[in-house]
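Taking it in order: structure first as structure tokens, then the write-up.
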Amino acid sequence: MTVTTLPTAHTAPPVVEPAVDHRVTTAYTPAPAGTSADLPRVFAVIHGVMRDVMPVSKDKQNQQQNYNFRGVDDAMSAMAGPMRNHGCFIAPEVVEHKQRPRGEKGTHTVLRMLYRIYGPAGDCLAVTIPGEAMDTADKSTNKAMSAALKYMLFQVFMIPVDARSIDDGDRDHPVMSNTPQQRQQPPQQQQRRPQQQRGQRSQQRRPQQEQGQGQQRQRRDYAGEARQATSEEQFAAIRKAAEEAGAPPEYITQLDAIAAQKRAASTAPKQPAAGPQQQTPATSAPAVRTAPPAANTTAAAEEALRLAASRAGYQSLDDDFQRAYGRPIAEADVATLNAYRSMIERAAQ
């Protein structure tokens with residue numbers, strides 16, 4: 001005998017609450033009330049950063065799996081200067097974090113990061129993006145966070161890449177030949193492969209050759225070539241090649257300092273030739289021109305910096321300094337002023 005309980009007036013069917021998705025994809029938070037309308041909003045700030053950011057090439061290589069990639073350090077270096085110049089910063093937050101063992105010693109981590117991109121007005125653009133990584137020690141979470149940050153920077157700010165890897169696909173990954181799927185195909189199907197696939201294989205070899213050429217270009221000594229340049233056209237070509245290779249703004253500033261020093265040397269009046277006895281003191285002239293030692297106060301450091309720039313014929317000091325560090329010379333600290341002065345002195349040697 002089967003007894004079935006019938007619903008009564010005191011019993012009610014269970015209530016099923018709908019699932020709520022708390023994930024944030026992309027959201028905008030306006031500026032606080034009373035914020036000046038003259039301050040740029042975050043959308044205009046992102047546009048300005050996109051306009052100023054330098055390209056990041058796929059020049060890092062994974063030796064174990066033999067493929068090229070773009071490092072998160074390169075992306076952060078390319079974004080640091082433009083973000084400082086436009087008053088933009090990012091606040092990260094881990095909103096989801098999952099880990100599970102992988103093999104005997106590995107740890108597989110999957111997380112979801114929330115990045116809040118702020119502008120000078122205080123308004124915010126919130127973006128979420130996943131990250132995934134595996135490590136045999138305690139670095140899987142760090143790697144996943146780095147992967148999420150890298151792709152957020154590339155996708156939100158559209159960091160330009162070099163023409164050799166504009167598709168950003170897997171063409172730099174090793175191409176496996178004689179795979180099980182290929183071995184299972186009948187001989188007739190393998191012989192009927194269209195000629196288009198042959199062309200694709202030749203195109204796959206071409207990026208590998210271009211990668212080798214790119215690595216050779218990256219090993220160039222642009223500073224040495226700039227010192228040996230004999231015309232403005234040659235220096236402009238060297239500077240452009242350095243920018244296309246992803247050189248940081250500080251390095252480009254060093255190249256400009258070299259060019260300024262060469263211009264000053266070419267426009268300086270030539271002294272009459274001296275006799276054999278008067279040529280010996282000329283060899284020790286660079287030692288006499290040595291700038292004062294590192295200053296301990298801001299005023300002394302600024303004076304030493306401007307003195308070194310004057311001796312090197314460096315006329316665009318203020319503009320290049322603010323472009324490199326995102327602030328004028330008057331607001332810089334002693335360490336930054338001394339470091340920039342040392343860079344000018346090395347370029348003038």
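Residue numbering restarts at 1 in every chain; chains get A, B, ... in the order shown in the structure tokens, and ligands count up from 1 in that same order.
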
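Residues in contact range of Arg346 (chain A), defined as at most 12 Å between only C-alpha atoms, with sequence neighbours fewer than 2 positions away removed, read Ala223, Gly224, Arg227, Gln254, Leu255, Ala257, Ile258, Gln261, Pro286, Thr290, Ala291, Ala308, Ala309, Ala312, Ala339, Tyr340, Arg341, Ser342, Met343, Ile344, Ala348 and Gln349 of chain A.
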
Based on the selection just made, write N, CA and C atoms of those residues as a CSV table (one decimal), in the first residue's frame.
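Saved result, out-v4.csv, follows:
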```csv
chain,number,residue,atom,x,y,z
A,223,ALA,N,71.9,53.6,-29.6
A,223,ALA,CA,72.7,54.7,-29.1
A,223,ALA,C,74.0,54.8,-29.8
A,224,GLY,N,74.7,53.7,-30.0
A,224,GLY,CA,76.0,53.8,-30.8
A,224,GLY,C,75.8,54.3,-32.2
A,227,ARG,N,75.3,58.0,-32.2
A,227,ARG,CA,76.6,58.7,-32.0
A,227,ARG,C,77.4,58.8,-33.3
A,254,GLN,N,67.3,59.6,-24.4
A,254,GLN,CA,68.7,59.5,-24.5
A,254,GLN,C,69.2,59.7,-25.9
A,255,LEU,N,68.5,59.1,-26.9
A,255,LEU,CA,68.9,59.3,-28.3
A,255,LEU,C,68.7,60.8,-28.6
A,257,ALA,N,69.1,63.3,-26.7
A,257,ALA,CA,70.2,64.0,-26.0
A,257,ALA,C,71.5,63.8,-26.9
A,258,ILE,N,71.7,62.7,-27.4
A,258,ILE,CA,72.9,62.4,-28.3
A,258,ILE,C,72.8,63.3,-29.5
A,261,GLN,N,73.6,66.9,-28.6
A,261,GLN,CA,75.0,67.1,-28.3
A,261,GLN,C,75.8,67.2,-29.6
A,286,PRO,N,87.8,66.5,-21.5
A,286,PRO,CA,86.6,65.9,-20.9
A,286,PRO,C,86.6,65.8,-19.4
A,290,THR,N,83.7,67.5,-16.4
A,290,THR,CA,82.9,66.6,-15.6
A,290,THR,C,82.0,67.5,-14.7
A,291,ALA,N,80.7,67.1,-14.7
A,291,ALA,CA,79.7,67.8,-13.9
A,291,ALA,C,79.9,67.6,-12.5
A,308,ALA,N,74.6,70.3,-17.0
A,308,ALA,CA,75.0,69.2,-17.9
A,308,ALA,C,74.3,69.3,-19.2
A,309,ALA,N,73.0,69.8,-19.2
A,309,ALA,CA,72.3,69.9,-20.5
A,309,ALA,C,72.9,71.1,-21.3
A,312,ALA,N,76.0,69.9,-23.0
A,312,ALA,CA,75.8,69.0,-24.1
A,312,ALA,C,75.0,69.6,-25.2
A,339,ALA,N,69.6,61.1,-11.8
A,339,ALA,CA,69.6,60.0,-12.8
A,339,ALA,C,69.5,60.5,-14.2
A,340,TYR,N,68.7,61.6,-14.4
A,340,TYR,CA,68.5,62.1,-15.7
A,340,TYR,C,69.8,62.9,-16.1
A,341,ARG,N,70.5,63.5,-15.2
A,341,ARG,CA,71.7,64.2,-15.5
A,341,ARG,C,72.8,63.2,-15.9
A,342,SER,N,72.8,62.0,-15.2
A,342,SER,CA,73.8,61.0,-15.5
A,342,SER,C,73.6,60.5,-16.9
A,343,MET,N,72.3,60.3,-17.3
A,343,MET,CA,72.0,59.8,-18.6
A,343,MET,C,72.5,60.8,-19.7
A,344,ILE,N,72.3,62.1,-19.4
A,344,ILE,CA,72.8,63.1,-20.4
A,344,ILE,C,74.3,63.1,-20.5
A,348,ALA,N,76.6,62.3,-23.8
A,348,ALA,CA,77.5,63.3,-24.4
A,348,ALA,C,78.9,62.8,-24.5
A,349,GLN,N,79.2,61.7,-23.9
A,349,GLN,CA,80.6,61.2,-23.9
A,349,GLN,C,81.0,60.6,-25.3
```

Query raised in the report: Neighbours of Thr141 (chain A) within 10 Å (only C-alpha atoms; same-chain residues fewer than 5 positions away dropped), as a VMD selection string?
Result: chain A and resid 97 to 99 107 to 111 131 to 135 146 to 147

Query raised in the report: Just how far from CA of His86 (chain A) is CA of Pro120 (chain A), in Å to one decimal?
Result: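 Separating CA of Pro120 (chain A) from CA of His86 (chain A) is a distance of 7.9 Å.
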
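The gap separating CA of Val72 (chain A) from CA of Lys150 (chain A) is 5.2 Å, in Å to one decimal.
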
Requested in this report: Extract, using only C-alpha atoms, all DNA, RNA and protein residues at most 8 Å from region 240-244 of chain A, discarding same-chain residues fewer than 5 positions from it, and format them as a ChimeraX atom specification.
Outcome: /A:54-55,162,222,252

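Going from CA of Thr297 (chain A) over to CA of Leu317 (chain A), you cover 19.6 Å.
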
Requested in this report: Determine the nearest neighbour of Asp256 (chain A) from the options A:Asp38, A:Asp138, A:Asp319, A:Glu303, counting only C-alpha atoms.
Outcome: A:Asp319

Query raised in the report: Skipping near chain neighbours, those fewer than 2 positions away, what residues fall within 9 Å of Ala75 (chain A) using only C-alpha atoms, listed as a list in words?
Result: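 Counting only the stated atoms, we get Pro55, Val56, Arg70, Gly71, Val72, Asp73, Ser77, Ala78, Met79, Ala80, Lys150, Leu153, Phe154 and Ile159 of chain A.
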